[in-house]
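Colleague: This is the content of target_2.cif (mmCIF, C-alpha atoms and all ligand atoms):
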data_query
loop_
_atom_site.label_atom_id
_atom_site.label_comp_id
_atom_site.auth_asym_id
_atom_site.auth_seq_id
_atom_site.Cartn_x
_atom_site.Cartn_y
_atom_site.Cartn_z
CA MET Z 137 45.12 -39.18 -33.78
CA SER Z 138 44.40 -42.51 -32.17
CA ALA Z 139 41.25 -44.38 -33.08
CA GLU Z 140 39.87 -43.68 -29.65
CA ALA Z 141 39.67 -40.53 -27.60
CA SER Z 142 39.42 -40.24 -23.86
CA VAL Z 143 36.62 -37.91 -22.76
CA THR Z 144 36.50 -37.01 -19.07
CA GLY Z 145 38.31 -40.22 -18.25
CA VAL Z 146 35.82 -42.38 -20.16
CA HIS Z 147 37.10 -44.20 -23.23
CA VAL Z 148 34.72 -43.53 -26.11
CA GLU Z 149 35.00 -44.15 -29.80
CA ALA Z 150 35.83 -41.10 -31.89
CA PRO Z 151 32.83 -40.30 -34.11
CA SER Z 152 34.93 -40.40 -37.27
CA ASP Z 153 35.67 -44.07 -36.68
CA ARG Z 154 32.05 -45.05 -36.92
CA ARG Z 155 31.23 -46.69 -40.20
CA ARG Z 156 27.92 -44.92 -40.74
CA ASN Z 157 29.03 -41.39 -40.01
CA GLY Z 158 31.90 -41.92 -42.41
CA ASP Z 159 29.47 -42.51 -45.29
CA PRO Z 160 27.49 -39.35 -45.94
CA SER Z 161 25.81 -40.92 -48.99
CA SER Z 162 23.80 -43.43 -46.89
CA ALA Z 163 20.25 -42.51 -45.83
CA PRO Z 164 20.44 -41.05 -42.33
CA ARG Z 165 19.28 -43.45 -39.64
CA ILE Z 166 17.21 -41.69 -37.02
CA ALA Z 167 15.96 -42.88 -33.64
CA LEU Z 168 12.89 -40.91 -32.60
CA VAL Z 169 12.74 -41.01 -28.81
CA THR Z 170 9.15 -40.73 -27.70
CA ALA Z 171 7.19 -41.84 -24.68
CA ASP Z 172 4.09 -42.54 -26.86
CA LEU Z 173 3.20 -42.81 -30.48
CA ASP Z 174 1.04 -39.70 -30.20
CA ARG Z 175 0.12 -37.42 -33.10
CA HIS Z 176 3.34 -35.43 -32.78
CA ALA Z 177 5.44 -38.59 -32.93
CA ARG Z 178 3.47 -39.97 -35.88
CA ASP Z 179 3.82 -36.67 -37.76
CA LEU Z 180 7.57 -36.68 -37.11
CA LEU Z 181 7.88 -40.26 -38.36
CA ARG Z 182 6.06 -39.28 -41.55
CA ALA Z 183 8.19 -36.16 -41.99
CA PHE Z 184 11.46 -38.08 -41.54
CA LYS Z 185 10.34 -40.68 -44.09
CA ALA Z 186 9.29 -37.96 -46.53
CA ALA Z 187 12.77 -36.46 -46.19
CA GLY Z 188 14.37 -39.79 -47.16
CA ALA Z 189 15.55 -40.79 -43.68
CA SER Z 190 15.22 -44.22 -42.17
CA VAL Z 191 13.47 -43.67 -38.83
CA LYS Z 192 12.40 -45.82 -35.88
CA ALA Z 193 10.45 -44.77 -32.81
CA ILE Z 194 11.95 -45.97 -29.54
CA GLU Z 195 11.53 -45.44 -25.83
CA LEU Z 196 14.60 -44.57 -23.79
CA ALA Z 197 13.50 -47.20 -21.29
CA ASP Z 198 14.21 -49.84 -23.98
CA ILE Z 199 17.82 -48.82 -24.62
CA ALA Z 200 20.08 -51.03 -22.52
CA TYR Z 201 23.61 -50.63 -21.30
CA ASP Z 202 25.74 -53.72 -22.00
CA THR Z 203 29.40 -53.22 -21.30
CA GLU Z 204 30.34 -55.94 -23.79
CA ALA Z 205 28.22 -54.57 -26.65
CA ARG Z 206 30.14 -52.84 -29.45
CA HIS Z 207 29.40 -49.34 -28.16
CA GLY Z 208 28.29 -50.29 -24.66
CA LEU Z 209 24.60 -49.96 -25.56
CA THR Z 210 21.92 -52.02 -27.30
CA MET Z 211 18.90 -50.41 -28.88
CA PRO Z 212 15.66 -51.80 -30.31
CA HIS Z 213 15.85 -51.79 -34.16
CA PHE Z 214 19.57 -50.92 -34.08
CA GLY Z 215 20.97 -53.80 -32.02
CA GLU Z 216 24.62 -53.03 -31.25
CA ASP Z 217 24.77 -50.46 -34.05
CA LEU Z 218 24.04 -46.78 -33.50
CA PRO Z 219 21.69 -44.38 -35.24
CA ASP Z 220 23.22 -41.29 -36.87
CA ALA Z 221 20.94 -39.00 -34.91
CA VAL Z 222 18.48 -39.13 -32.05
CA CYS Z 223 15.48 -36.81 -32.16
CA VAL Z 224 14.09 -36.46 -28.66
CA ARG Z 225 10.36 -35.77 -28.71
CA THR Z 226 9.39 -36.82 -25.15
CA MET Z 227 10.85 -38.80 -22.27
CA ASP Z 228 8.84 -41.12 -20.06
CA SER Z 229 8.42 -40.09 -16.49
CA GLY Z 230 9.76 -42.65 -14.03
CA SER Z 231 11.53 -43.15 -10.74
CA PHE Z 232 14.55 -40.96 -9.94
CA GLU Z 233 16.71 -43.96 -10.84
CA GLN Z 234 14.95 -44.56 -14.16
CA VAL Z 235 15.12 -40.92 -15.22
CA THR Z 236 18.80 -40.75 -14.21
CA ARG Z 237 19.57 -43.87 -16.28
CA ARG Z 238 17.63 -42.59 -19.31
CA LEU Z 239 19.36 -39.21 -19.25
CA GLY Z 240 22.62 -41.12 -18.89
CA VAL Z 241 21.79 -43.02 -22.07
CA LEU Z 242 21.35 -39.72 -23.94
CA HIS Z 243 24.65 -38.45 -22.50
CA ALA Z 244 26.29 -41.70 -23.65
CA LEU Z 245 24.91 -41.37 -27.19
CA SER Z 246 26.33 -37.83 -27.45
CA ALA Z 247 29.68 -39.08 -26.13
CA LEU Z 248 29.62 -41.75 -28.85
CA GLY Z 249 29.34 -39.05 -31.50
CA VAL Z 250 25.62 -39.47 -32.24
CA LEU Z 251 23.82 -36.18 -32.89
CA VAL Z 252 21.23 -35.91 -30.08
CA SER Z 253 18.61 -33.14 -30.28
CA ASN Z 254 17.88 -31.84 -27.74
CA ASP Z 255 20.85 -33.33 -25.94
CA ALA Z 256 20.78 -34.46 -22.30
CA VAL Z 257 22.64 -31.38 -21.08
CA SER Z 258 20.08 -28.96 -22.50
CA ILE Z 259 17.15 -31.14 -21.40
CA GLU Z 260 18.48 -31.14 -17.83
CA ARG Z 261 18.89 -27.36 -17.92
CA CYS Z 262 15.29 -26.88 -19.04
CA VAL Z 263 13.64 -29.52 -16.86
CA ASP Z 264 15.08 -27.88 -13.74
CA LYS Z 265 13.54 -24.39 -13.89
CA SER Z 266 16.04 -23.03 -11.35
CA MET Z 267 18.92 -24.01 -13.64
CA THR Z 268 17.16 -22.32 -16.58
CA SER Z 269 16.84 -19.13 -14.52
CA PHE Z 270 20.48 -19.35 -13.45
CA ARG Z 271 21.66 -19.72 -17.05
CA LEU Z 272 19.37 -16.99 -18.41
CA ALA Z 273 20.68 -14.57 -15.78
CA ARG Z 274 24.33 -15.53 -16.46
CA ALA Z 275 23.73 -14.98 -20.19
CA GLY Z 276 22.12 -11.58 -19.56
CA VAL Z 277 18.73 -12.68 -20.96
CA PRO Z 278 15.97 -10.66 -19.27
CA SER Z 279 13.78 -12.84 -17.06
CA PRO Z 280 11.90 -12.01 -13.85
CA ARG Z 281 14.07 -12.36 -10.76
CA SER Z 282 13.85 -15.96 -9.51
CA TRP Z 283 14.87 -17.87 -6.39
CA ALA Z 284 15.04 -21.54 -5.54
CA VAL Z 285 15.34 -22.57 -1.89
CA GLU Z 286 14.62 -25.68 0.13
CA THR Z 287 12.93 -24.43 3.30
CA ARG Z 288 9.65 -22.67 3.96
CA LYS Z 289 11.51 -20.32 6.29
CA GLU Z 290 13.81 -19.16 3.49
CA ALA Z 291 10.85 -18.82 1.12
CA GLU Z 292 9.00 -16.74 3.74
CA ARG Z 293 12.00 -14.45 4.03
CA ILE Z 294 11.99 -13.87 0.25
CA VAL Z 295 8.24 -13.24 0.12
CA ALA Z 296 8.45 -10.80 3.05
CA ALA Z 297 11.25 -8.84 1.38
CA GLU Z 298 9.33 -8.55 -1.90
CA LYS Z 299 6.74 -5.83 -2.29
CA ALA Z 300 4.94 -7.41 -5.24
CA PRO Z 301 3.45 -10.86 -5.89
CA LEU Z 302 5.57 -13.88 -6.75
CA VAL Z 303 4.75 -17.03 -8.69
CA LEU Z 304 5.54 -20.35 -7.02
CA LYS Z 305 6.14 -23.08 -9.59
CA PRO Z 306 6.91 -26.78 -9.38
CA LEU Z 307 10.61 -27.14 -10.18
CA PHE Z 308 9.61 -29.57 -12.93
CA GLY Z 309 6.86 -27.86 -14.95
CA ALA Z 310 3.63 -29.55 -15.90
CA GLN Z 311 1.99 -27.37 -18.56
CA GLY Z 312 0.66 -24.78 -16.18
CA LYS Z 313 -0.32 -27.19 -13.37
CA GLY Z 314 0.62 -26.44 -9.78
CA LEU Z 315 1.51 -22.74 -10.22
CA ARG Z 316 0.37 -20.42 -7.42
CA LEU Z 317 0.37 -16.69 -6.95
CA ILE Z 318 2.05 -15.82 -3.65
CA GLU Z 319 1.03 -12.47 -2.21
CA SER Z 320 2.04 -13.07 1.39
CA ALA Z 321 4.02 -15.65 3.34
CA GLY Z 322 0.74 -17.30 4.39
CA ASP Z 323 0.16 -18.35 0.74
CA LEU Z 324 3.24 -20.59 0.81
CA PRO Z 325 2.48 -24.33 0.95
CA ALA Z 326 4.23 -26.75 3.29
CA GLU Z 327 7.54 -28.24 2.14
CA GLU Z 328 6.06 -31.70 1.53
CA GLU Z 329 3.42 -30.27 -0.86
CA ILE Z 330 6.10 -28.97 -3.22
CA ALA Z 331 8.67 -31.77 -3.03
CA GLY Z 332 10.88 -29.67 -0.78
CA VAL Z 333 11.80 -26.98 -3.35
CA TYR Z 334 10.37 -23.46 -3.48
CA TYR Z 335 11.00 -22.05 -6.95
CA LEU Z 336 9.77 -18.47 -6.86
CA GLN Z 337 9.65 -15.93 -9.67
CA ARG Z 338 8.50 -12.32 -9.66
CA PHE Z 339 5.04 -12.07 -11.18
CA ALA Z 340 5.38 -10.16 -14.46
CA GLY Z 341 1.90 -10.52 -15.95
CA SER Z 342 -0.10 -7.46 -16.94
CA PRO Z 343 -3.65 -7.83 -18.22
CA ALA Z 344 -4.93 -5.78 -21.16
CA SER Z 345 -8.72 -5.37 -21.29
CA GLY Z 346 -9.07 -8.04 -18.60
CA ARG Z 347 -7.08 -10.67 -20.49
CA TYR Z 348 -3.60 -11.98 -19.83
CA GLY Z 349 -1.29 -12.96 -22.63
CA ASP Z 350 2.14 -14.28 -23.37
CA TYR Z 351 4.09 -15.48 -26.38
CA ARG Z 352 5.51 -18.82 -27.40
CA VAL Z 353 8.40 -18.63 -29.82
CA LEU Z 354 9.75 -21.87 -31.26
CA VAL Z 355 13.47 -21.79 -31.91
CA SER Z 356 14.94 -24.36 -34.28
CA GLY Z 357 18.29 -24.45 -36.02
CA GLY Z 358 19.40 -21.19 -34.37
CA ARG Z 359 16.46 -19.06 -35.51
CA ALA Z 360 12.91 -18.20 -34.44
CA ALA Z 361 10.85 -20.50 -36.65
CA ALA Z 362 7.27 -19.97 -35.43
CA SER Z 363 5.44 -17.77 -32.92
CA MET Z 364 2.02 -17.42 -31.36
CA ARG Z 365 0.30 -15.35 -28.75
CA ARG Z 366 -1.65 -17.11 -25.99
CA GLU Z 367 -4.50 -15.34 -24.23
CA ALA Z 368 -6.69 -16.19 -21.27
CA GLU Z 369 -8.73 -14.56 -18.54
CA HIS Z 370 -6.49 -16.29 -16.03
CA TRP Z 371 -2.82 -15.30 -15.68
CA ILE Z 372 -1.74 -18.89 -16.48
CA THR Z 373 -1.81 -18.96 -20.26
CA ASN Z 374 -0.91 -22.54 -21.15
CA ILE Z 375 -3.02 -23.99 -23.96
CA LYS Z 376 -3.51 -27.09 -21.76
CA GLN Z 377 -5.12 -24.77 -19.18
CA GLY Z 378 -7.61 -23.47 -21.75
CA ALA Z 379 -5.84 -20.41 -23.19
CA SER Z 380 -6.46 -19.53 -26.84
CA ALA Z 381 -3.66 -19.74 -29.38
CA MET Z 382 -3.60 -16.75 -31.71
CA PRO Z 383 -1.49 -15.68 -34.69
CA THR Z 384 0.95 -12.87 -33.99
CA GLU Z 385 3.08 -10.55 -36.09
CA PRO Z 386 6.81 -11.32 -36.01
CA ASP Z 387 8.42 -9.37 -33.16
CA VAL Z 388 12.16 -9.15 -33.69
CA GLU Z 389 12.89 -8.33 -30.06
CA LEU Z 390 10.99 -11.36 -28.71
CA GLU Z 391 12.49 -13.56 -31.41
CA ALA Z 392 16.04 -12.46 -30.59
CA LEU Z 393 15.42 -13.11 -26.88
CA ALA Z 394 14.01 -16.55 -27.63
CA VAL Z 395 17.12 -17.41 -29.65
CA ALA Z 396 19.38 -16.07 -26.87
CA ALA Z 397 17.46 -18.11 -24.27
CA THR Z 398 17.85 -21.27 -26.38
CA VAL Z 399 21.58 -20.61 -26.70
CA ALA Z 400 21.76 -20.02 -22.93
CA VAL Z 401 20.48 -23.55 -22.26
CA GLY Z 402 22.43 -25.09 -25.15
CA GLY Z 403 19.27 -26.28 -26.95
CA SER Z 404 18.68 -26.81 -30.65
CA PHE Z 405 14.85 -27.07 -30.67
CA CYS Z 406 13.14 -25.18 -27.84
CA GLY Z 407 9.80 -23.55 -27.11
CA VAL Z 408 10.41 -20.28 -25.29
CA ASP Z 409 7.69 -18.55 -23.25
CA LEU Z 410 7.94 -14.77 -23.07
CA LEU Z 411 5.78 -11.87 -22.00
CA ARG Z 412 5.87 -8.11 -21.76
CA ASP Z 413 5.61 -6.82 -18.22
CA ALA Z 414 3.58 -3.81 -17.05
CA ASN Z 415 6.38 -1.51 -18.31
CA GLY Z 416 6.38 -3.19 -21.72
CA VAL Z 417 9.74 -4.84 -21.05
CA ALA Z 418 10.14 -8.25 -22.71
CA GLN Z 419 10.95 -11.09 -20.30
CA VAL Z 420 11.70 -14.76 -20.84
CA ILE Z 421 9.54 -16.87 -18.52
CA GLU Z 422 10.82 -20.35 -19.29
CA VAL Z 423 12.43 -22.57 -21.92
CA ASN Z 424 10.95 -25.96 -22.91
CA SER Z 425 13.25 -28.61 -24.36
CA MET Z 426 10.41 -30.96 -25.38
CA PRO Z 427 7.78 -28.53 -26.65
CA ALA Z 428 4.43 -29.67 -28.05
CA TRP Z 429 3.12 -27.68 -31.01
CA THR Z 430 -0.58 -28.29 -31.70
CA GLY Z 431 -1.65 -24.71 -30.87
CA LEU Z 432 1.47 -23.19 -32.36
CA GLU Z 433 1.05 -25.02 -35.65
CA LYS Z 434 -2.54 -23.84 -35.97
CA ALA Z 435 -1.76 -20.25 -35.02
CA SER Z 436 1.41 -19.86 -37.07
CA GLY Z 437 0.60 -22.03 -40.08
CA VAL Z 438 4.14 -23.46 -39.93
CA ASP Z 439 4.54 -27.18 -40.68
CA ILE Z 440 6.49 -27.90 -37.48
CA PRO Z 441 7.29 -31.60 -38.05
CA ALA Z 442 8.73 -30.73 -41.50
CA LEU Z 443 10.73 -27.88 -39.97
CA ARG Z 444 12.03 -30.05 -37.13
CA VAL Z 445 13.13 -32.75 -39.55
CA ARG Z 446 14.72 -30.31 -42.02
CA ASP Z 447 16.78 -28.60 -39.30
CA LEU Z 448 17.86 -31.83 -37.63
CA LEU Z 449 18.93 -33.41 -40.94
CA ALA Z 450 20.76 -30.18 -41.88
CA ALA Z 451 22.65 -30.29 -38.55
CA LEU Z 452 23.50 -33.94 -39.20
CA ALA Z 453 24.71 -33.19 -42.76
CA ALA Z 454 26.86 -30.34 -41.41
CA SER Z 455 28.41 -32.59 -38.77
CA ARG Z 456 29.07 -35.35 -41.36
CA ALA Z 457 30.67 -32.76 -43.68
CA ARG Z 458 32.93 -31.56 -40.86
CA LEU Z 459 33.98 -35.13 -40.12
CA ALA Z 460 34.62 -35.86 -43.79
CA ALA Z 461 36.78 -32.71 -44.04
CA GLY Z 462 39.09 -34.06 -41.35
CA PRO Z 463 40.22 -33.26 -37.85
CA LEU Z 464 41.15 -29.60 -38.46
CA ALA Z 465 37.70 -28.77 -39.82
CA SER Z 466 36.05 -30.75 -36.99
CA ALA Z 467 38.08 -28.83 -34.43
CA GLY Z 468 37.03 -25.50 -35.98
N1 LIG N 501 6.64 -14.86 -13.57
C1 LIG N 501 5.48 -14.91 -14.17
N2 LIG N 501 4.72 -13.81 -14.34
C2 LIG N 501 3.52 -13.87 -14.97
N3 LIG N 501 2.99 -14.98 -15.48
C3 LIG N 501 3.70 -16.11 -15.35
C4 LIG N 501 4.96 -16.13 -14.70
N4 LIG N 501 5.44 -17.39 -14.72
C5 LIG N 501 4.51 -18.12 -15.37
N5 LIG N 501 3.46 -17.37 -15.76
C6 LIG N 501 2.29 -17.82 -16.49
O1 LIG N 501 2.12 -19.21 -16.24
C7 LIG N 501 2.33 -19.96 -17.46
C8 LIG N 501 3.07 -21.27 -17.11
O2 LIG N 501 4.33 -20.99 -16.52
P1 LIG N 501 5.66 -21.65 -17.04
O3 LIG N 501 5.70 -21.50 -18.52
O4 LIG N 501 6.78 -21.07 -16.28
O5 LIG N 501 5.52 -23.16 -16.58
P2 LIG N 501 4.84 -24.44 -17.26
O6 LIG N 501 4.38 -24.08 -18.65
O7 LIG N 501 3.88 -25.03 -16.30
O8 LIG N 501 6.07 -25.40 -17.37
P3 LIG N 501 6.39 -26.54 -18.43
O9 LIG N 501 6.27 -25.94 -19.79
O10 LIG N 501 7.80 -26.91 -18.08
O11 LIG N 501 5.36 -27.62 -18.26
C9 LIG N 501 3.12 -19.03 -18.36
O12 LIG N 501 2.90 -19.36 -19.72
C10 LIG N 501 2.51 -17.69 -18.00
O13 LIG N 501 1.25 -17.52 -18.59
MG MG N 502 5.39 -22.81 -20.14
#
Starting from the coordinates I provided, produce the structure as structure tokens.
Ligand SMILES: Nc1ncnc2c1ncn2[C@@H]1O[C@H](COP(=O)(O)OP(=O)(O)OP(=O)(O)O)[C@@H](O)[C@H]1O
Ligand SMILES: [Mg+2]
Modeller:
Amino acid sequence: MSAEASVTGVHVEAPSDRRRNGDPSSAPRIALVTADLDRHARDLLRAFKAAGASVKAIELADIAYDTEARHGLTMPHFGEDLPDAVCVRTMDSGSFEQVTRRLGVLHALSALGVLVSNDAVSIERCVDKSMTSFRLARAGVPSPRSWAVETRKEAERIVAAEKAPLVLKPLFGAQGKGLRLIESAGDLPAEEEIAGVYYLQRFAGSPASGRYGDYRVLVSGGRAAASMRREAEHWITNIKQGASAMPTEPDVELEALAVAATVAVGGSFCGVDLLRDANGVAQVIEVNSMPAWTGLEKASGVDIPALRVRDLLAALAASRARLAAGPLASAG
């Protein structure tokens, strides 16, 4: 094999040619992508250090393209070198152009053979709720029927054809903000109020003793790693909206669906929201590729930063072992 491989017409270095990835004995070098040095980021930094990794927090905004740099990128703390893995905690919001460029940087890092978790592809699939719904449906993961259209007229047609209430959500979620229950076409906002996209989902909530509830299952490394139940008087049960986080018994059906939903979006560390509808049928509501975990950690007792770090470093060790074993093992 040549030292370089052509991927979708773009010439990128084969991962096995990179000095660092070729030396599994060196301490893994991790870039923690985070918009702020909040508690989650600080806990992750501590957990990476405790696991023997060398870790630096960076903002995607500070990674530059430079076509004459060794890999086409320069990064704070790494210069023209690359980390072994990128752990994405949060991405800054920005203009359409800025967000496009930053996602492009994550795509580029994956193309360069850096382990990126979650990678840009899965982040894009989760950020756009209509794409999540599309992929869940294609994968046969139960989720309330959903539509995404760009005109009020089309949205009115859907609402009129439905007998039961729908939930209108911003295409890009904001921890329970901006959701509305739509019971008739008159409840639909104007196009400019919702950035020109009507994402509608059948309402599947069913209160028990006057309280609504759903489940958050955290999937990491291909398994359900922590769960909680969230309860509130209101049907929107985000912790940020005041819902209570409560411990819950492991539920193998919900856990299996959460894993299937994570696979459907191609994620490696995802927070999956699920509920049981009025018929008791489990439904996936959404998949988060940059989940926070304050409530979940308290309710489940799981040390989430330690878990995140362990699974990411295990994935990195597995990918280094595949590379060390040669091209046949890497291909398998
Ligand atoms: N189809 C639905 N039926 C019943 N309740 C719903 C439905 N969709 C959302 N909800 C309630 O609203 C909450 C928030 O919805 P959702 O998880 O889809 O978006 P979000 O949390 O605002 O998005 P993000 O996590 O991307 O910020 C859910 O946890 C659930 O309590
Ligand atoms: Mg949610």
Colleague: Given a cut-off of 7 Å, what residues near ligand MG 502 (chain N) show up using all atoms listed in the file, put as a count of residues only?
Modeller: 6
Colleague: Produce as a ChimeraX atom specification the set of residues near ligand LIG 501 (chain N), where near means within 8 Å with all atoms listed in the file considered.
Modeller: /Z:262-263,265,280,302-303,305-306,308-315,337-342,348-351,366,371-374,409-411,421-424,427
Colleague: Any idea what the distance is between CA of Trp429 (chain Z) and CA of Pro343 (chain Z)?
Modeller: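 Between CA of Trp429 (chain Z) and CA of Pro343 (chain Z) the gap works out to 24.6 Å.
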Colleague: Could you give me, as a PDB file with C-alpha atoms, keeping the file's coordinate frame, the residues within 12 Å of Val235 (chain Z), counting only C-alpha atoms and dropping anything in the same chain fewer than 3 positions from it?
Modeller:
ATOM      1  CA  LEU Z 196      14.600 -44.570 -23.790  1.00  0.00           C
ATOM      2  CA  ALA Z 197      13.500 -47.200 -21.290  1.00  0.00           C
ATOM      3  CA  MET Z 227      10.850 -38.800 -22.270  1.00  0.00           C
ATOM      4  CA  ASP Z 228       8.840 -41.120 -20.060  1.00  0.00           C
ATOM      5  CA  SER Z 229       8.420 -40.090 -16.490  1.00  0.00           C
ATOM      6  CA  GLY Z 230       9.760 -42.650 -14.030  1.00  0.00           C
ATOM      7  CA  SER Z 231      11.530 -43.150 -10.740  1.00  0.00           C
ATOM      8  CA  PHE Z 232      14.550 -40.960  -9.940  1.00  0.00           C
ATOM      9  CA  ARG Z 238      17.630 -42.590 -19.310  1.00  0.00           C
ATOM     10  CA  LEU Z 239      19.360 -39.210 -19.250  1.00  0.00           C
ATOM     11  CA  GLY Z 240      22.620 -41.120 -18.890  1.00  0.00           C
ATOM     12  CA  VAL Z 241      21.790 -43.020 -22.070  1.00  0.00           C
ATOM     13  CA  LEU Z 242      21.350 -39.720 -23.940  1.00  0.00           C
ATOM     14  CA  ALA Z 256      20.780 -34.460 -22.300  1.00  0.00           C
ATOM     15  CA  ILE Z 259      17.150 -31.140 -21.400  1.00  0.00           C
ATOM     16  CA  GLU Z 260      18.480 -31.140 -17.830  1.00  0.00           C
ATOM     17  CA  VAL Z 263      13.640 -29.520 -16.860  1.00  0.00           C
TER      18      VAL Z 263
END
Colleague: Which of these residues is nearest to Ala400 (chain Z), using only C-alpha atoms: Z:Val191, Z:Ile318, Z:Ala291, Z:Ala273?
Modeller: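 The shortest atom-to-atom distance to Ala400 (chain Z) comes from Z:Ala273.
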Colleague: What does the structure give for the distance between CA of Arg274 (chain Z) and CA of Val252 (chain Z), in Å to one decimal?
Modeller: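 CA of Arg274 (chain Z) sits 24.7 Å away from CA of Val252 (chain Z).
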Colleague: How close does each residue of region 385-406 of chain Z get to region 431-446 of chain Z, giving the shortest atom pair and distance in Å to one decimal for every residue with an atom at most 10 Å away, counting only C-alpha atoms, sorted by chain and residue number, as JSON lines?
Modeller:
{"residue": "Z:Glu385", "atom": "CA", "partner": "Z:Ser436", "partner_atom": "CA", "distance": 9.5}
{"residue": "Z:Ser404", "atom": "CA", "partner": "Z:Arg444", "partner_atom": "CA", "distance": 9.8}
{"residue": "Z:Phe405", "atom": "CA", "partner": "Z:Arg444", "partner_atom": "CA", "distance": 7.7}
Colleague: At a cut-off of 9 Å, using all atoms listed in the file, what residues contact region 285-289 of chain Z? Leave out same-chain residues fewer than 5 positions from it and give the result as a ChimeraX atom specification.
Modeller: /Z:294,324-327,332-336
Colleague: When distances are computed from all atoms listed in the file, which of Z:Asp387, Z:Glu290, Z:Glu216, Z:Asp413 shows the smallest separation from Asp202 (chain Z)?
Modeller: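 Selected residue with least distance to Asp202 (chain Z): Z:Glu216.
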Colleague: Report, in Å with one decimal, the straight-line distance from CA of Gly402 (chain Z) to CA of Ala247 (chain Z).
Modeller: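 Atom-to-atom, CA of Gly402 (chain Z) to CA of Ala247 (chain Z), that is 15.8 Å.
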Colleague: Extract, using all atoms listed in the file, all DNA, RNA and protein residues at most 10 Å from Ala193 (chain Z), discarding same-chain residues fewer than 3 positions from it, and format them as a compact mmCIF listing (two decimals) with C-alpha atoms, in the coordinates of the input.
Modeller:
# COMPACT_ATOMS: atom_id res chain seq x y z
CA ILE Z 166 17.21 -41.69 -37.02
CA ALA Z 167 15.96 -42.88 -33.64
CA LEU Z 168 12.89 -40.91 -32.60
CA VAL Z 169 12.74 -41.01 -28.81
CA THR Z 170 9.15 -40.73 -27.70
CA ALA Z 171 7.19 -41.84 -24.68
CA ASP Z 172 4.09 -42.54 -26.86
CA LEU Z 173 3.20 -42.81 -30.48
CA ALA Z 177 5.44 -38.59 -32.93
CA ARG Z 178 3.47 -39.97 -35.88
CA LEU Z 180 7.57 -36.68 -37.11
CA LEU Z 181 7.88 -40.26 -38.36
CA LEU Z 196 14.60 -44.57 -23.79
CA PRO Z 212 15.66 -51.80 -30.31
CA HIS Z 213 15.85 -51.79 -34.16
CA VAL Z 222 18.48 -39.13 -32.05
CA CYS Z 223 15.48 -36.81 -32.16
CA VAL Z 224 14.09 -36.46 -28.66
CA ARG Z 225 10.36 -35.77 -28.71
